[in-house]
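Structure file my_file21.cif (mmCIF, C-alpha atoms) is printed below.
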```cif
data_protein
loop_
_atom_site.label_atom_id
_atom_site.label_comp_id
_atom_site.auth_asym_id
_atom_site.auth_seq_id
_atom_site.Cartn_x
_atom_site.Cartn_y
_atom_site.Cartn_z
CA MET N 1 -18.51 -6.57 13.22
CA ASN N 2 -15.18 -5.63 11.66
CA ALA N 3 -12.09 -5.94 13.85
CA ALA N 4 -8.58 -4.62 13.23
CA ILE N 5 -5.48 -6.19 14.78
CA ILE N 6 -2.55 -3.79 14.76
CA SER N 7 1.08 -4.91 14.70
CA SER N 8 4.28 -2.84 14.57
CA LYS N 9 7.59 -3.50 12.85
CA LYS N 10 9.31 -1.74 15.75
CA ASP N 11 8.06 -4.26 18.31
CA LYS N 12 9.63 -7.74 18.49
CA ALA N 13 6.76 -9.26 20.45
CA SER N 14 4.28 -7.72 18.03
CA ILE N 15 6.10 -9.29 15.08
CA ASN N 16 6.19 -12.64 16.90
CA ILE N 17 2.44 -12.61 17.61
CA LYS N 18 1.68 -11.47 14.05
CA GLU N 19 3.74 -14.33 12.57
CA ASN N 20 1.87 -16.81 14.77
CA LEU N 21 -1.47 -15.41 13.62
CA ILE N 22 -0.51 -15.77 9.95
CA THR N 23 1.09 -19.19 10.34
CA ASN N 24 -1.47 -20.88 12.57
CA PHE N 25 -4.76 -19.17 11.81
CA SER N 26 -6.89 -18.54 8.77
CA PHE N 27 -5.35 -15.26 7.63
CA ASN N 28 -4.90 -14.77 3.93
CA GLY N 29 -2.74 -12.20 2.22
CA SER N 30 -4.27 -9.51 0.05
CA GLU N 31 -3.06 -6.95 -2.46
CA GLU N 32 -4.21 -4.19 -0.14
CA LYS N 33 -1.55 -2.27 1.78
CA PHE N 34 -1.44 0.03 4.78
CA ASP N 35 1.65 2.04 5.71
CA ASN N 36 3.26 0.26 2.73
CA ASN N 37 2.75 -3.16 4.39
CA TYR N 38 0.44 -5.91 3.13
CA ILE N 39 -2.82 -6.47 4.99
CA TYR N 40 -3.93 -9.97 5.98
CA GLU N 41 -7.58 -10.97 6.32
CA CYS N 42 -9.62 -13.58 8.17
CA THR N 43 -13.36 -14.21 8.35
CA LEU N 44 -14.90 -15.77 11.45
CA LYS N 45 -17.98 -17.60 10.23
CA ASN N 46 -21.13 -17.68 12.31
CA GLY N 47 -22.85 -20.77 10.91
CA LYS N 48 -25.35 -20.10 8.13
CA ASN N 49 -25.93 -16.51 9.19
CA ILE N 50 -23.58 -14.72 6.80
CA ALA N 51 -24.72 -11.33 8.06
CA ASN N 52 -23.15 -12.11 11.44
CA ASN N 53 -19.77 -13.14 10.05
CA GLN N 54 -16.90 -11.21 11.58
CA ASN N 55 -14.18 -9.79 9.35
CA ILE N 56 -10.73 -9.35 10.86
CA LYS N 57 -7.86 -7.51 9.21
CA LEU N 58 -4.28 -7.72 10.40
CA TYR N 59 -2.37 -4.49 9.82
CA THR N 60 1.33 -3.71 10.20
CA ILE N 61 2.54 -0.19 10.90
CA ASN N 62 6.07 1.20 10.78
CA SER N 63 5.80 3.42 13.87
CA GLU N 64 5.58 2.60 17.58
CA LEU N 65 2.14 1.43 18.63
CA ILE N 66 1.64 3.76 21.59
CA PHE N 67 2.28 6.89 19.53
CA THR N 68 -0.12 6.09 16.67
CA ASP N 69 -2.96 8.45 17.58
CA ASP N 70 -6.18 8.57 15.55
CA LEU N 71 -5.55 5.31 13.71
CA ASP N 72 -9.31 4.79 13.75
CA LYS N 73 -9.62 7.70 11.34
CA LYS N 74 -7.44 5.85 8.82
CA ILE N 75 -8.68 2.28 9.30
CA ASP N 76 -12.35 1.34 9.02
CA ALA N 77 -13.11 -1.05 11.90
CA ASP N 78 -15.55 -1.33 14.78
CA ILE N 79 -12.98 -2.52 17.29
CA PHE N 80 -9.17 -2.41 17.51
CA VAL N 81 -6.70 -4.75 19.21
CA PHE N 82 -3.01 -3.84 19.44
CA ILE N 83 -0.58 -6.76 19.79
CA SER N 84 2.46 -5.59 21.68
CA LYS N 85 5.43 -6.23 23.92
CA HIS N 86 5.11 -5.82 27.67
CA ARG N 87 8.05 -4.40 29.57
CA ALA N 88 8.55 -4.73 33.34
CA GLN N 89 11.50 -4.50 35.71
CA GLU N 90 10.75 -7.95 37.15
CA ASP N 91 11.37 -9.61 33.75
CA ARG N 92 8.56 -12.08 34.39
CA ALA N 93 7.04 -14.22 31.66
CA SER N 94 3.77 -12.31 31.34
CA LEU N 95 0.59 -12.28 29.29
CA THR N 96 -1.29 -9.03 29.80
CA CYS N 97 -4.23 -7.09 28.43
CA HIS N 98 -5.77 -3.75 29.31
CA ALA N 99 -7.81 -0.74 28.26
CA ILE N 100 -5.83 2.34 27.23
CA GLY N 101 -5.69 6.04 27.99
CA ASN N 102 -4.17 8.40 30.53
CA PHE N 103 -5.53 9.48 33.90
CA GLY N 104 -2.67 11.98 34.11
CA LYS N 105 0.09 13.19 31.81
CA ALA N 106 0.57 11.58 28.41
CA GLU N 107 4.13 10.39 29.04
CA HIS N 108 3.74 7.27 26.89
CA GLY N 109 1.52 8.34 24.03
CA GLY N 110 -2.10 9.35 23.82
CA LYS N 111 -3.55 12.55 25.26
CA GLU N 112 -3.34 13.99 28.75
CA ARG N 113 -6.32 13.09 30.97
CA ALA N 114 -8.03 11.32 28.06
CA LEU N 115 -9.31 7.74 27.98
CA CYS N 116 -10.20 5.57 25.00
CA TYR N 117 -13.39 3.56 24.60
CA SER N 118 -13.24 0.09 26.13
CA ASN N 119 -15.36 -2.98 25.37
CA PRO N 120 -15.22 -4.94 28.65
CA ALA N 121 -16.94 -8.03 27.21
CA LEU N 122 -14.15 -8.53 24.68
CA LEU N 123 -11.49 -7.71 27.27
CA LYS N 124 -13.01 -10.31 29.60
CA LYS N 125 -12.96 -12.97 26.89
CA ILE N 126 -9.34 -12.17 26.01
CA PHE N 127 -8.32 -12.38 29.67
CA ILE N 128 -10.14 -15.68 30.20
CA GLU N 129 -8.47 -17.11 27.09
CA LEU N 130 -5.02 -15.95 28.24
CA ASN N 131 -5.59 -17.67 31.58
CA ASN N 132 -6.89 -20.85 29.96
CA ASN N 133 -3.99 -21.06 27.51
CA ALA N 134 -1.12 -19.90 29.74
CA LYS N 135 1.59 -22.49 30.30
CA GLU N 136 4.72 -22.35 32.45
CA PRO N 137 6.48 -20.00 32.81
CA TYR N 138 3.73 -17.58 31.69
CA GLU N 139 1.18 -15.92 33.96
CA ALA N 140 -1.75 -13.79 32.82
CA THR N 141 -2.85 -10.54 34.44
CA LEU N 142 -4.87 -7.44 33.73
CA GLU N 143 -3.08 -4.12 33.83
CA ALA N 144 -4.50 -0.78 34.86
CA THR N 145 -5.35 1.71 32.12
CA HIS N 146 -2.20 3.41 30.85
CA HIS N 147 -0.44 4.78 27.75
CA GLY N 148 -1.57 5.66 24.22
CA PRO N 149 -2.44 5.85 21.44
CA TYR N 150 -5.58 7.96 21.58
CA MET N 151 -8.52 6.71 19.56
CA GLU N 152 -12.27 7.16 19.50
CA LYS N 153 -13.23 3.53 18.80
CA PRO N 154 -13.18 0.65 21.32
CA VAL N 155 -9.60 -0.55 21.71
CA CYS N 156 -7.38 -2.70 23.91
CA PHE N 157 -3.81 -3.95 24.11
CA VAL N 158 -2.77 -7.61 24.36
CA GLU N 159 0.87 -8.03 25.35
CA LEU N 160 3.70 -10.53 25.67
CA GLY N 161 6.44 -9.83 28.17
CA SER N 162 8.43 -8.86 29.97
CA ASN N 163 11.86 -8.83 28.27
CA GLU N 164 13.46 -9.60 24.92
CA LYS N 165 13.75 -13.31 25.70
CA TYR N 166 9.98 -13.63 25.98
CA TRP N 167 9.18 -11.14 23.23
CA GLU N 168 10.82 -13.51 20.77
CA ASP N 169 9.54 -16.75 22.33
CA LYS N 170 7.44 -18.48 19.67
CA ASN N 171 5.49 -20.44 22.27
CA GLY N 172 4.51 -17.22 24.04
CA GLY N 173 3.59 -15.64 20.72
CA PHE N 174 1.38 -18.60 19.91
CA ILE N 175 -0.39 -18.40 23.28
CA VAL N 176 -1.25 -14.76 22.67
CA ALA N 177 -2.35 -15.41 19.08
CA LYS N 178 -4.49 -18.39 20.08
CA SER N 179 -6.04 -16.47 22.97
CA LEU N 180 -6.86 -13.47 20.82
CA MET N 181 -8.47 -15.52 18.07
CA GLY N 182 -10.38 -17.60 20.60
CA ALA N 183 -11.68 -14.44 22.25
CA LEU N 184 -12.70 -12.82 18.96
CA GLY N 185 -14.42 -16.04 17.96
CA ARG N 186 -16.31 -16.29 21.23
CA PHE N 187 -17.12 -12.60 21.06
CA ASN N 188 -18.73 -13.28 17.69
CA GLY N 189 -19.79 -16.88 18.33
CA SER N 190 -17.19 -18.61 16.14
CA ALA N 191 -13.50 -18.76 15.28
CA ALA N 192 -11.24 -19.97 12.48
CA ILE N 193 -8.12 -22.01 13.16
CA LYS N 194 -5.88 -23.46 10.50
CA ASN N 195 -2.97 -25.56 11.72
CA TYR N 196 -3.88 -27.20 15.01
CA ASN N 197 -6.64 -29.44 16.28
CA GLU N 198 -8.97 -29.06 19.26
CA LYS N 199 -11.57 -31.81 18.95
CA ASP N 200 -13.64 -30.60 21.88
CA THR N 201 -14.19 -27.15 20.46
CA MET N 202 -13.98 -27.37 16.70
CA ASN N 203 -16.07 -28.86 13.94
CA LYS N 204 -14.96 -30.24 10.60
CA ASN N 205 -15.16 -26.78 9.01
CA ASN N 206 -12.62 -25.34 11.48
CA ASN N 207 -15.21 -23.24 13.23
CA TYR N 208 -15.67 -23.20 16.99
CA ASN N 209 -18.66 -25.08 18.39
CA TYR N 210 -18.81 -22.74 21.34
CA LYS N 211 -21.99 -22.28 23.32
CA THR N 212 -22.22 -20.51 26.66
CA LYS N 213 -24.94 -19.30 28.95
CA LYS N 214 -22.81 -16.23 29.63
CA ASN N 215 -23.08 -14.30 26.41
CA ASN N 216 -22.26 -10.59 26.18
CA ARG N 217 -25.63 -9.59 27.65
CA ASN N 218 -24.94 -11.58 30.82
CA TYR N 219 -21.86 -9.55 31.65
CA GLU N 220 -22.15 -6.50 33.85
CA SER N 221 -19.55 -3.88 33.04
CA THR N 222 -17.70 -1.96 35.73
CA PHE N 223 -14.94 0.59 36.34
CA VAL N 224 -12.36 -0.44 38.95
CA ILE N 225 -10.81 2.21 41.20
CA GLY N 226 -7.81 1.43 43.42
CA GLY N 227 -5.36 -1.40 43.83
CA SER N 228 -2.10 -2.20 42.10
CA HIS N 229 -1.15 -1.73 38.47
CA TYR N 230 -1.39 -5.50 38.04
CA ASN N 231 -4.86 -5.45 39.44
CA HIS N 232 -5.75 -8.51 41.51
CA VAL N 233 -9.32 -7.40 42.17
CA ALA N 234 -9.97 -6.88 38.47
CA ASN N 235 -8.41 -10.29 37.75
CA LYS N 236 -10.72 -11.91 40.28
CA ALA N 237 -13.76 -10.06 38.95
CA MET N 238 -13.04 -11.21 35.40
CA LEU N 239 -12.46 -14.86 36.31
CA ASN N 240 -14.86 -15.45 39.19
CA SER N 241 -17.92 -13.32 38.51
CA ASN N 242 -20.13 -12.00 35.74
CA LEU N 243 -18.38 -8.61 35.99
CA ALA N 244 -16.54 -7.36 32.93
CA VAL N 245 -13.91 -4.75 33.74
CA GLY N 246 -13.25 -1.86 31.40
CA HIS N 247 -11.01 0.88 32.74
CA ILE N 248 -8.90 0.52 35.88
CA CYS N 249 -7.50 3.49 37.81
CA ALA N 250 -4.70 2.10 39.98
CA LYS N 251 -3.70 3.49 43.37
CA HIS N 252 -0.71 5.38 41.99
CA ASN N 253 -3.06 7.40 39.75
CA LEU N 254 -5.78 8.19 42.29
CA TRP N 255 -4.45 11.66 43.02
CA ASN N 256 -5.29 12.55 39.39
CA LEU N 257 -8.84 11.27 39.66
CA ASP N 258 -11.62 13.86 39.75
CA ILE N 259 -15.30 13.74 38.88
CA ASP N 260 -14.65 14.60 35.24
CA LEU N 261 -12.29 11.64 34.82
CA ILE N 262 -14.65 9.32 36.69
CA LYS N 263 -17.53 10.31 34.40
CA GLN N 264 -15.27 10.01 31.35
CA ALA N 265 -14.26 6.48 32.36
CA MET N 266 -17.90 5.50 32.89
CA GLU N 267 -18.99 6.97 29.55
CA LYS N 268 -16.17 5.29 27.65
CA ILE N 269 -16.90 1.80 28.92
CA THR N 270 -19.54 0.27 26.65
CA PRO N 271 -22.09 -0.59 27.81
CA LYS N 272 -21.90 2.09 30.50
CA PRO N 273 -21.42 0.62 34.00
CA LYS N 274 -24.13 0.97 36.61
CA PHE N 275 -21.57 1.20 39.40
CA VAL N 276 -17.91 1.65 40.27
CA LEU N 277 -16.05 -1.25 41.91
CA LEU N 278 -13.72 -0.02 44.67
CA GLU N 279 -10.61 -1.95 45.65
CA TRP N 280 -11.39 -1.15 49.26
CA LYS N 281 -7.93 -1.76 50.76
CA GLY N 282 -6.23 -0.24 47.74
CA LEU N 283 -7.57 3.30 48.00
CA GLY N 284 -5.01 4.47 50.55
CA LYS N 285 -5.17 8.08 51.70
CA GLU N 286 -7.45 8.93 48.75
CA LYS N 287 -10.35 6.81 50.05
CA LYS N 288 -12.37 9.58 51.71
CA ARG N 289 -11.89 11.98 48.80
CA ILE N 290 -12.93 9.37 46.23
CA LEU N 291 -16.00 8.39 48.27
CA ASP N 292 -17.01 12.04 48.59
CA LEU N 293 -16.68 12.51 44.82
CA LEU N 294 -18.86 9.50 44.10
CA GLU N 295 -21.48 10.39 46.70
CA ARG N 296 -21.79 14.00 45.54
CA SER N 297 -22.14 12.86 41.94
CA GLY N 298 -24.74 10.21 42.69
CA ILE N 299 -22.56 7.42 41.26
CA GLU N 300 -23.22 4.02 42.80
CA TRP N 301 -20.20 2.22 44.22
CA ARG N 302 -19.53 -1.21 45.66
CA ARG N 303 -16.70 -2.62 47.75
CA ASN N 304 -14.74 -5.50 46.26
CA ASP N 305 -14.67 -7.34 49.60
CA LYS N 306 -18.48 -7.34 49.66
CA GLU N 307 -18.80 -8.61 46.09
CA PHE N 308 -16.53 -11.68 46.08
#
```
Can the structure from this file be put into structure tokens for me?
Amino acid sequence: MNAAIISSKKDKASINIKENLITNFSFNGSEEKFDNNYIYECTLKNGKNIANNQNIKLYTINSELIFTDDLDKKIDADIFVFISKHRAQEDRASLTCHAIGNFGKAEHGGKERALCYSNPALLKKIFIELNNNAKEPYEATLEATHHGPYMEKPVCFVELGSNEKYWEDKNGGFIVAKSLMGALGRFNGSAAIKNYNEKDTMNKNNNYNYKTKKNNRNYESTFVIGGSHYNHVANKAMLNSNLAVGHICAKHNLWNLDIDLIKQAMEKITPKPKFVLLEWKGLGKEKKRILDLLERSGIEWRRNDKEF
């Protein structure tokens, strides 16, 4: 599998994370350029099985990340990860990740009422790594699906926030870089680290010795409806169950949700979920309407309070 990590010169946190990737991990420069910026490359080795090696390229663009529609038509990769700043009024030290797209208007990039493909297994691994690596003052959380760009390949955002102080914090940038590389390595079965030592997880060739009973096939993907933007039910599902969350439609977006968007979300989570997970107390006045939509469409649903 080929993965593309996308950084932007217009994003201080993105630059910070990119520099940590290059400095601390096995990325090598190349003569190849994109958007007039050099591309860096890394290969995650999967033991003796060369065919299963994962190639990762680190790209830098000159435009804002959320407005870079159709990048998948210019870059050849199977999966895309955007490294980005996170902005919030609370100014908390945050580590976030999420699927992308718009349940309503495209006010922050992308297309109106259009979602991108999401790989919940990778998103789960990134979120677990962020939680495992987070140190004070940082806290990790999933965000609901929001903003662009629009793409037709599996994509997610990994973010450092929530203000300029944290965007430029090298320790925060390292946590995100380490978490991303750990997740990509576990997603593929290996990882490559250059400048730090983890005796419990690495062998002499700087490849992860990571074995788990919960491989990608053990995860059950789902689409979460309801709850807050920083979705506590999705967080709990990712950390305390075999569920892997793709898209999340938060409570503030429920009024936009119709059967077409529900089906679109289900189709664009790969593999396609067998059921929708409802944040039962977070459906508000839309609860009856959402339940009617699901029942009429024959889509299975489960209550979060009955699952955990």
Problem set entry | Computed interatomic separation between CA of Tyr117 in chain N and CA of Tyr138 in chain N (Å) |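 Taking CA of Tyr117 in chain N as the start and CA of Tyr138 in chain N as the end point, the length is 28.1 Å.
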For this session: Can you pull out every residue within 9 Å of His146 in chain N, counting all atoms listed in the file, but drop anything in the same chain fewer than 2 positions away, and send it as a ChimeraX atom specification?
Result: /N:98-103,106,108,115,143-144,148,248-249
For this session: Go through N:Glu307, N:Glu152, N:Glu295, N:Glu107 and flag the residue nearest Asp76 in chain N, using all atoms listed in the file for the distances.
Result: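 For Asp76 in chain N, the nearest of the given residues is N:Glu152.
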For this session: I need the residue set behind the PyMOL selection byres ((chain N and resi 23-38) around 9) for this file; please write it as a PyMOL selection string.
Result: chain N and resi 18-22+39-44+56-62+75+174+177-178+181+192-196
For this session: I would like the residues chosen by the PyMOL selection byres ((chain N and resi 225) around 7) on the shown file; could you give them as a list in words?
Result: Phe223, Val224, Gly226, Ile248, Cys249, Ala250, Leu277, Leu278 and Glu279 of chain N
